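Visitor: The following file, target.cif, comprises mmCIF, N, CA and C atoms:
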data_model
loop_
_atom_site.label_atom_id
_atom_site.label_comp_id
_atom_site.auth_asym_id
_atom_site.auth_seq_id
_atom_site.Cartn_x
_atom_site.Cartn_y
_atom_site.Cartn_z
N MET F 1 201.59 -104.95 -160.15
CA MET F 1 201.41 -103.83 -159.26
C MET F 1 200.45 -104.24 -158.16
N GLU F 2 200.82 -103.94 -156.94
CA GLU F 2 200.03 -104.33 -155.78
C GLU F 2 199.05 -103.20 -155.41
N VAL F 3 197.79 -103.61 -155.23
CA VAL F 3 196.76 -102.65 -154.84
C VAL F 3 196.62 -102.71 -153.32
N LYS F 4 196.68 -101.58 -152.68
CA LYS F 4 196.62 -101.54 -151.22
C LYS F 4 195.20 -101.80 -150.74
N THR F 5 195.08 -102.45 -149.61
CA THR F 5 193.79 -102.78 -149.03
C THR F 5 192.98 -101.53 -148.72
N THR F 6 193.62 -100.48 -148.27
CA THR F 6 192.89 -99.25 -147.95
C THR F 6 192.28 -98.63 -149.20
N TYR F 7 192.98 -98.75 -150.32
CA TYR F 7 192.46 -98.22 -151.58
C TYR F 7 191.20 -98.98 -151.98
N ILE F 8 191.24 -100.29 -151.90
CA ILE F 8 190.07 -101.11 -152.25
C ILE F 8 188.92 -100.80 -151.30
N GLY F 9 189.21 -100.68 -150.02
CA GLY F 9 188.17 -100.34 -149.05
C GLY F 9 187.53 -98.99 -149.34
N THR F 10 188.36 -98.02 -149.73
CA THR F 10 187.85 -96.70 -150.07
C THR F 10 186.96 -96.76 -151.31
N MET F 11 187.38 -97.50 -152.31
CA MET F 11 186.59 -97.62 -153.53
C MET F 11 185.25 -98.31 -153.26
N ILE F 12 185.26 -99.33 -152.41
CA ILE F 12 184.01 -100.00 -152.05
C ILE F 12 183.09 -99.03 -151.33
N GLY F 13 183.64 -98.25 -150.42
CA GLY F 13 182.85 -97.26 -149.70
C GLY F 13 182.25 -96.21 -150.63
N LEU F 14 183.04 -95.72 -151.56
CA LEU F 14 182.55 -94.71 -152.51
C LEU F 14 181.46 -95.29 -153.42
N ALA F 15 181.64 -96.51 -153.88
CA ALA F 15 180.63 -97.14 -154.73
C ALA F 15 179.33 -97.35 -153.96
N THR F 16 179.45 -97.74 -152.69
CA THR F 16 178.27 -97.95 -151.86
C THR F 16 177.50 -96.65 -151.67
N VAL F 17 178.21 -95.58 -151.40
CA VAL F 17 177.57 -94.27 -151.23
C VAL F 17 176.90 -93.83 -152.54
N ALA F 18 177.58 -94.04 -153.66
CA ALA F 18 177.02 -93.63 -154.95
C ALA F 18 175.71 -94.37 -155.23
N PHE F 19 175.70 -95.68 -155.03
CA PHE F 19 174.47 -96.44 -155.26
C PHE F 19 173.39 -96.07 -154.25
N GLY F 20 173.81 -95.74 -153.03
CA GLY F 20 172.84 -95.30 -152.02
C GLY F 20 172.17 -94.01 -152.43
N LEU F 21 172.93 -93.08 -153.00
CA LEU F 21 172.35 -91.81 -153.47
C LEU F 21 171.38 -92.04 -154.63
N ILE F 22 171.73 -92.95 -155.52
CA ILE F 22 170.84 -93.27 -156.64
C ILE F 22 169.54 -93.86 -156.12
N ALA F 23 169.64 -94.79 -155.17
CA ALA F 23 168.44 -95.40 -154.59
C ALA F 23 167.61 -94.36 -153.85
N ALA F 24 168.26 -93.46 -153.13
CA ALA F 24 167.53 -92.41 -152.41
C ALA F 24 166.78 -91.50 -153.38
N GLY F 25 167.40 -91.18 -154.50
CA GLY F 25 166.73 -90.36 -155.50
C GLY F 25 165.50 -91.05 -156.07
N ALA F 26 165.61 -92.36 -156.30
CA ALA F 26 164.47 -93.11 -156.81
C ALA F 26 163.33 -93.14 -155.81
N TRP F 27 163.65 -93.38 -154.54
CA TRP F 27 162.62 -93.37 -153.49
C TRP F 27 162.01 -91.99 -153.34
N ASN F 28 162.83 -90.96 -153.45
CA ASN F 28 162.35 -89.59 -153.36
C ASN F 28 161.28 -89.32 -154.41
N LYS F 29 161.57 -89.71 -155.64
CA LYS F 29 160.61 -89.49 -156.73
C LYS F 29 159.35 -90.31 -156.51
N LEU F 30 159.49 -91.56 -156.11
CA LEU F 30 158.32 -92.41 -155.90
C LEU F 30 157.41 -91.84 -154.82
N ILE F 31 157.98 -91.46 -153.69
CA ILE F 31 157.16 -90.94 -152.59
C ILE F 31 156.49 -89.63 -153.01
N SER F 32 157.22 -88.77 -153.70
CA SER F 32 156.64 -87.51 -154.17
C SER F 32 155.47 -87.76 -155.13
N ASP F 33 155.65 -88.72 -156.03
CA ASP F 33 154.59 -89.03 -156.99
C ASP F 33 153.36 -89.64 -156.31
N VAL F 34 153.58 -90.48 -155.31
CA VAL F 34 152.45 -91.09 -154.59
C VAL F 34 151.67 -90.02 -153.83
N ILE F 35 152.37 -89.10 -153.19
CA ILE F 35 151.69 -88.02 -152.48
C ILE F 35 150.92 -87.14 -153.47
N ALA F 36 151.49 -86.88 -154.62
CA ALA F 36 150.82 -86.05 -155.63
C ALA F 36 149.54 -86.70 -156.14
N LEU F 37 149.46 -88.04 -156.11
CA LEU F 37 148.24 -88.73 -156.53
C LEU F 37 147.05 -88.39 -155.63
N PHE F 38 147.32 -88.19 -154.35
CA PHE F 38 146.25 -88.00 -153.38
C PHE F 38 145.92 -86.54 -153.07
N LEU F 39 146.76 -85.62 -153.48
CA LEU F 39 146.53 -84.20 -153.21
C LEU F 39 146.24 -83.45 -154.50
N LYS F 40 145.36 -82.47 -154.39
CA LYS F 40 145.03 -81.65 -155.55
C LYS F 40 146.21 -80.72 -155.87
N PRO F 41 146.35 -80.33 -157.12
CA PRO F 41 147.40 -79.36 -157.48
C PRO F 41 147.19 -78.05 -156.71
N GLY F 42 148.28 -77.44 -156.31
CA GLY F 42 148.21 -76.20 -155.56
C GLY F 42 148.41 -76.40 -154.07
N ASN F 43 148.54 -77.64 -153.63
CA ASN F 43 148.78 -77.94 -152.21
C ASN F 43 150.26 -78.21 -151.97
N GLY F 44 151.11 -77.37 -152.53
CA GLY F 44 152.55 -77.60 -152.45
C GLY F 44 153.09 -77.69 -151.04
N VAL F 45 152.69 -76.78 -150.18
CA VAL F 45 153.22 -76.77 -148.81
C VAL F 45 152.73 -78.00 -148.04
N ILE F 46 151.47 -78.34 -148.21
CA ILE F 46 150.92 -79.50 -147.51
C ILE F 46 151.61 -80.77 -148.01
N ALA F 47 151.81 -80.87 -149.31
CA ALA F 47 152.48 -82.04 -149.88
C ALA F 47 153.91 -82.16 -149.35
N GLU F 48 154.60 -81.03 -149.27
CA GLU F 48 155.97 -81.06 -148.76
C GLU F 48 156.01 -81.44 -147.28
N LEU F 49 155.04 -80.97 -146.51
CA LEU F 49 154.96 -81.34 -145.09
C LEU F 49 154.72 -82.84 -144.94
N ILE F 50 153.78 -83.37 -145.70
CA ILE F 50 153.50 -84.81 -145.64
C ILE F 50 154.74 -85.60 -146.04
N TYR F 51 155.39 -85.16 -147.10
CA TYR F 51 156.61 -85.82 -147.57
C TYR F 51 157.69 -85.80 -146.48
N ALA F 52 157.89 -84.64 -145.86
CA ALA F 52 158.91 -84.53 -144.82
C ALA F 52 158.61 -85.44 -143.63
N VAL F 53 157.34 -85.53 -143.26
CA VAL F 53 156.96 -86.41 -142.14
C VAL F 53 157.21 -87.87 -142.50
N ILE F 54 156.81 -88.27 -143.70
CA ILE F 54 157.03 -89.66 -144.13
C ILE F 54 158.51 -90.00 -144.15
N ILE F 55 159.32 -89.13 -144.73
CA ILE F 55 160.76 -89.38 -144.82
C ILE F 55 161.38 -89.44 -143.43
N THR F 56 160.95 -88.56 -142.53
CA THR F 56 161.48 -88.56 -141.17
C THR F 56 161.16 -89.86 -140.46
N ILE F 57 159.93 -90.34 -140.61
CA ILE F 57 159.54 -91.60 -139.97
C ILE F 57 160.37 -92.75 -140.54
N ILE F 58 160.52 -92.79 -141.86
CA ILE F 58 161.32 -93.86 -142.47
C ILE F 58 162.76 -93.79 -141.98
N ALA F 59 163.32 -92.60 -141.92
CA ALA F 59 164.71 -92.44 -141.46
C ALA F 59 164.88 -92.92 -140.02
N ILE F 60 163.94 -92.59 -139.15
CA ILE F 60 164.01 -93.02 -137.75
C ILE F 60 163.95 -94.53 -137.65
N VAL F 61 163.03 -95.14 -138.38
CA VAL F 61 162.89 -96.60 -138.34
C VAL F 61 164.16 -97.29 -138.84
N VAL F 62 164.71 -96.79 -139.94
CA VAL F 62 165.92 -97.41 -140.50
C VAL F 62 167.11 -97.24 -139.56
N VAL F 63 167.30 -96.05 -139.01
CA VAL F 63 168.44 -95.82 -138.11
C VAL F 63 168.31 -96.67 -136.84
N GLN F 64 167.11 -96.75 -136.28
CA GLN F 64 166.90 -97.58 -135.09
C GLN F 64 167.16 -99.06 -135.40
N SER F 65 166.70 -99.52 -136.54
CA SER F 65 166.92 -100.91 -136.93
C SER F 65 168.41 -101.21 -137.11
N LEU F 66 169.12 -100.29 -137.75
CA LEU F 66 170.56 -100.49 -137.93
C LEU F 66 171.31 -100.46 -136.60
N ALA F 67 170.88 -99.61 -135.68
CA ALA F 67 171.52 -99.56 -134.36
C ALA F 67 171.31 -100.87 -133.60
N LYS F 68 170.10 -101.41 -133.67
CA LYS F 68 169.83 -102.70 -133.01
C LYS F 68 170.64 -103.81 -133.65
N LEU F 69 170.74 -103.80 -134.97
CA LEU F 69 171.52 -104.81 -135.66
C LEU F 69 173.00 -104.72 -135.27
N ALA F 70 173.52 -103.51 -135.16
CA ALA F 70 174.92 -103.32 -134.76
C ALA F 70 175.15 -103.81 -133.33
N GLU F 71 174.19 -103.57 -132.43
CA GLU F 71 174.32 -104.05 -131.05
C GLU F 71 174.33 -105.58 -131.01
N LYS F 72 173.45 -106.20 -131.78
CA LYS F 72 173.41 -107.66 -131.81
C LYS F 72 174.70 -108.24 -132.38
N GLU F 73 175.20 -107.61 -133.43
CA GLU F 73 176.45 -108.08 -134.04
C GLU F 73 177.61 -107.94 -133.07
N ALA F 74 177.67 -106.83 -132.35
CA ALA F 74 178.75 -106.61 -131.39
C ALA F 74 178.67 -107.62 -130.25
N ALA F 75 177.46 -107.88 -129.76
CA ALA F 75 177.29 -108.85 -128.68
C ALA F 75 177.67 -110.25 -129.14
N LEU F 76 177.29 -110.60 -130.35
CA LEU F 76 177.61 -111.92 -130.88
C LEU F 76 179.11 -112.07 -131.11
N THR F 77 179.73 -111.04 -131.63
CA THR F 77 181.16 -111.08 -131.93
C THR F 77 181.99 -111.26 -130.66
N THR F 78 181.61 -110.61 -129.58
CA THR F 78 182.37 -110.72 -128.35
C THR F 78 182.22 -112.09 -127.69
N LYS F 79 181.15 -112.82 -128.02
CA LYS F 79 180.93 -114.14 -127.43
C LYS F 79 181.67 -115.25 -128.17
N LEU F 80 182.11 -114.98 -129.39
CA LEU F 80 182.79 -116.00 -130.15
C LEU F 80 184.19 -116.24 -129.59
N PRO F 81 184.57 -117.50 -129.43
CA PRO F 81 185.89 -117.78 -128.83
C PRO F 81 187.06 -117.40 -129.75
N PHE F 82 186.85 -117.38 -131.04
CA PHE F 82 187.93 -117.10 -131.97
C PHE F 82 187.92 -115.66 -132.48
N SER F 83 187.05 -114.83 -131.93
CA SER F 83 186.96 -113.45 -132.41
C SER F 83 188.08 -112.61 -131.82
N LYS F 84 188.41 -111.54 -132.53
CA LYS F 84 189.40 -110.61 -132.04
C LYS F 84 188.77 -109.74 -130.95
N LYS F 85 189.52 -109.46 -129.94
CA LYS F 85 189.05 -108.56 -128.89
C LYS F 85 189.23 -107.12 -129.36
N PRO F 86 188.32 -106.23 -128.98
CA PRO F 86 188.46 -104.82 -129.39
C PRO F 86 189.77 -104.23 -128.88
N GLN F 87 190.43 -103.46 -129.73
CA GLN F 87 191.68 -102.83 -129.34
C GLN F 87 191.40 -101.60 -128.52
N GLU F 88 192.17 -101.43 -127.48
CA GLU F 88 191.98 -100.29 -126.59
C GLU F 88 193.01 -99.25 -126.85
#
Could you show the structure in this file as structure tokens?
Guide:
Amino acid sequence: MEVKTTYIGTMIGLATVAFGLIAAGAWNKLISDVIALFLKPGNGVIAELIYAVIITIIAIVVVQSLAKLAEKEAALTTKLPFSKKPQE
């Protein structure tokens, strides 16, 4: 039985997302626990604000880094003599 390439690609994508969610949950717990070490109990709103700011900063840095990496990859790919040209 032949497995279609799109099926394999979809399964790889789903597995990647699943592991990404697991990793995000682990980071979520770690950051929450670290913030709880430095704040007294009863500072729930302040802790959540600090957590939100930290996560936002991390998200911005990661997205910017990925965008720069994608730009470099696109520039490099177009310079290669054997690369495929983008389809219009």
Visitor: As an exercise, work out the distance from atom C of Asn43 of chain F to atom CA of Ile31 of chain F in Å and give it to one decimal place.
Guide: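 Separating atom C of Asn43 of chain F from atom CA of Ile31 of chain F is a distance of 14.5 Å.
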Visitor: Report the distance between atom N of Ser65 of chain F and atom C of Pro81 of chain F in Å, rounded to one decimal place.
Guide: 27.9 Å
Visitor: Nearest to Ile58 of chain F among F:Ala24, F:Val45, F:Phe38, F:Glu73, with distances taken over only C-alpha atoms: which residue is it?
Guide: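 Looking only at the distances to Ile58 of chain F, the closest residue turns out to be F:Ala24.
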